[in-house]
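A quick write-up on the structure given underneath.
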Amino acid sequence: MSRRPKRSGEPSDPSPGSGGPGVTPDDAAAVIPQAIDFQSGLEAKVLVLNRAFAAVRVVSARRAFVLLARDVAEVIDPTGGAYTNYDLTTWTELSELKYEFEPDAHDWVRTVRIDIAVPKIIRLIGYDKLPAQGVKLNRRNLFARDRNRCQYCGQLFPTSELSIDHVRPRTQGGPDTWENLVCACVRCNSKKGGRTPEQARMRLISKPKQPRRNPLISVRLGHEKYSSWKAFLDDAYWSVELK
Ligand SMILES: [Zn+2]
């Protein structure tokens, strides 16, 4: 087993709370004691709640462990229908039992001494704010909204083969909005050219709308692995940004 060289110095952003900028993934190595072998478990996703148990965002397990190691967050464990909170130390101890009794129920991070279960949910102890409203309009969210389906021919494509189409072209004053942007395959996009669907005699398979919640989260909610998030995501106001 190879060891990562020990780092000196403090994390660059010691302030608690927002999980704001200033923390790089490498900070995890500096903060988590002996967490040397980062395995795939660190790419698992963790739902972050604020102090009032409202969903704030989704982070990687790597980021979650940084927050836990700084004591600005605690684990919320939904096992058994109750929500129990743990600090990192007790969660690490509990992980030994979980590893024995429910190894398949968790992603795992291997450290030198022990395997730690990746929590599904953490709660920021000192953070009261709610996330900003709305879902960020970007390429990733747009593709997720359209589920990687070309909105003209209706076929599924890998992200690399999809482009973003302005329904009403920019040259005709079409804006960059959820209502005017759709996924299109290369073929449909070039067939449509700089025209509206009517001008090109093409039809959208659905009317493009702004999603009510982050579409990437909606996709994840379909996985059983993240089913424990649902209880925190049913509020109408809810929306989070994926980092
Ligand atoms: Zn197409």
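Labeling convention for the structure tokens: chains A, B, ... as they appear, residues from 1 per chain, ligands from 1 in order of appearance.
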Please write out the residues within 8 Å of ligand 1 as a list in words, counting only C-alpha atoms and all ligand atoms.
Arg149, Cys150, Gln151, Tyr152, Cys153, Gly154, Gln155, Ala184, Cys185, Val186, Arg187, Cys188 and Asn189 of chain A
Selected residues written out with C-alpha atoms, as a PDB file, in the first residue's frame:
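Generated output (result.pdb):
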```pdb
ATOM      1  CA  ARG A 149     -32.669  12.840 -25.841  1.00  0.00           C
ATOM      2  CA  CYS A 150     -32.564  14.827 -29.056  1.00  0.00           C
ATOM      3  CA  GLN A 151     -35.666  16.978 -28.835  1.00  0.00           C
ATOM      4  CA  TYR A 152     -36.332  16.673 -32.554  1.00  0.00           C
ATOM      5  CA  CYS A 153     -35.852  13.014 -33.476  1.00  0.00           C
ATOM      6  CA  GLY A 154     -36.395  11.736 -29.930  1.00  0.00           C
ATOM      7  CA  GLN A 155     -33.395   9.441 -29.921  1.00  0.00           C
ATOM      8  CA  ALA A 184     -30.316  18.203 -30.440  1.00  0.00           C
ATOM      9  CA  CYS A 185     -28.280  15.561 -32.192  1.00  0.00           C
ATOM     10  CA  VAL A 186     -25.771  16.717 -34.755  1.00  0.00           C
ATOM     11  CA  ARG A 187     -27.929  15.546 -37.621  1.00  0.00           C
ATOM     12  CA  CYS A 188     -31.088  17.322 -36.507  1.00  0.00           C
ATOM     13  CA  ASN A 189     -29.152  20.424 -35.566  1.00  0.00           C
TER      14      ASN A 189
END
```
Tell me, which residues of stretch 79-130 of chain A carry DSSP strand (DSSP E or B), written as a list of chain:residue names?
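Secondary structure check on stretch 79-130 of chain A, strand (DSSP E or B): A:Thr84, A:Asn85, A:Tyr86, A:Trp108, A:Val109, A:Arg110, A:Asp115, A:Ile116, A:Ala117, A:Ile121, A:Ile122, A:Arg123, A:Leu124.
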Writing out the chosen residues with C-alpha atoms as a PDB file, in the first residue's frame:
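And here's result.pdb as it stands now:
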```pdb
ATOM      1  CA  THR A  84     -29.511   9.577  13.959  1.00  0.00           C
ATOM      2  CA  ASN A  85     -26.664  12.050  14.045  1.00  0.00           C
ATOM      3  CA  TYR A  86     -23.003  11.159  14.466  1.00  0.00           C
ATOM      4  CA  TRP A 108     -16.708   2.658   1.348  1.00  0.00           C
ATOM      5  CA  VAL A 109     -13.592   4.654   1.786  1.00  0.00           C
ATOM      6  CA  ARG A 110     -10.537   2.691   2.788  1.00  0.00           C
ATOM      7  CA  ASP A 115     -13.073   1.149   6.150  1.00  0.00           C
ATOM      8  CA  ILE A 116     -15.392   4.103   6.639  1.00  0.00           C
ATOM      9  CA  ALA A 117     -18.906   4.081   5.244  1.00  0.00           C
ATOM     10  CA  ILE A 121     -26.597  12.636   4.209  1.00  0.00           C
ATOM     11  CA  ILE A 122     -24.713  15.187   6.278  1.00  0.00           C
ATOM     12  CA  ARG A 123     -25.951  18.270   8.101  1.00  0.00           C
ATOM     13  CA  LEU A 124     -24.109  21.560   8.456  1.00  0.00           C
TER      14      LEU A 124
END
```
What does the distance from atom CA of A:Gly173 to atom CA of A:Glu161 come to in Å, to one decimal?
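Separating atom CA of A:Gly173 from atom CA of A:Glu161 is a distance of 25.9 Å.
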Would you please give, as a list in words, all residues of stretch 122-167 of chain A that DSSP assigns to helix (DSSP H, G or I) based on the backbone?
Arg139, Arg140, Asn141, Leu142, Phe143, Ala144, Arg145, Thr159, Ser160 and Glu161 of chain A
Find, counting only C-alpha atoms, the residue in A:Ser163, A:Thr79, A:Thr89, A:Thr177 that gets nearest to A:Ser190.
A:Ser163
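A straight line drawn from atom CA of A:Ala73 to atom CA of A:His223 is 24.7 Å long.
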Which of these residues is nearest to A:Asn180, using only C-alpha atoms: A:Arg195, A:Lys225, A:Lys207, A:Arg201?
A:Lys207
Report, in Å to a single decimal, how far apart atom CA of A:Asp146 and atom CA of A:Ala231 are.
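Computed distance, atom CA of A:Ala231 to atom CA of A:Asp146, equals 24.9 Å.
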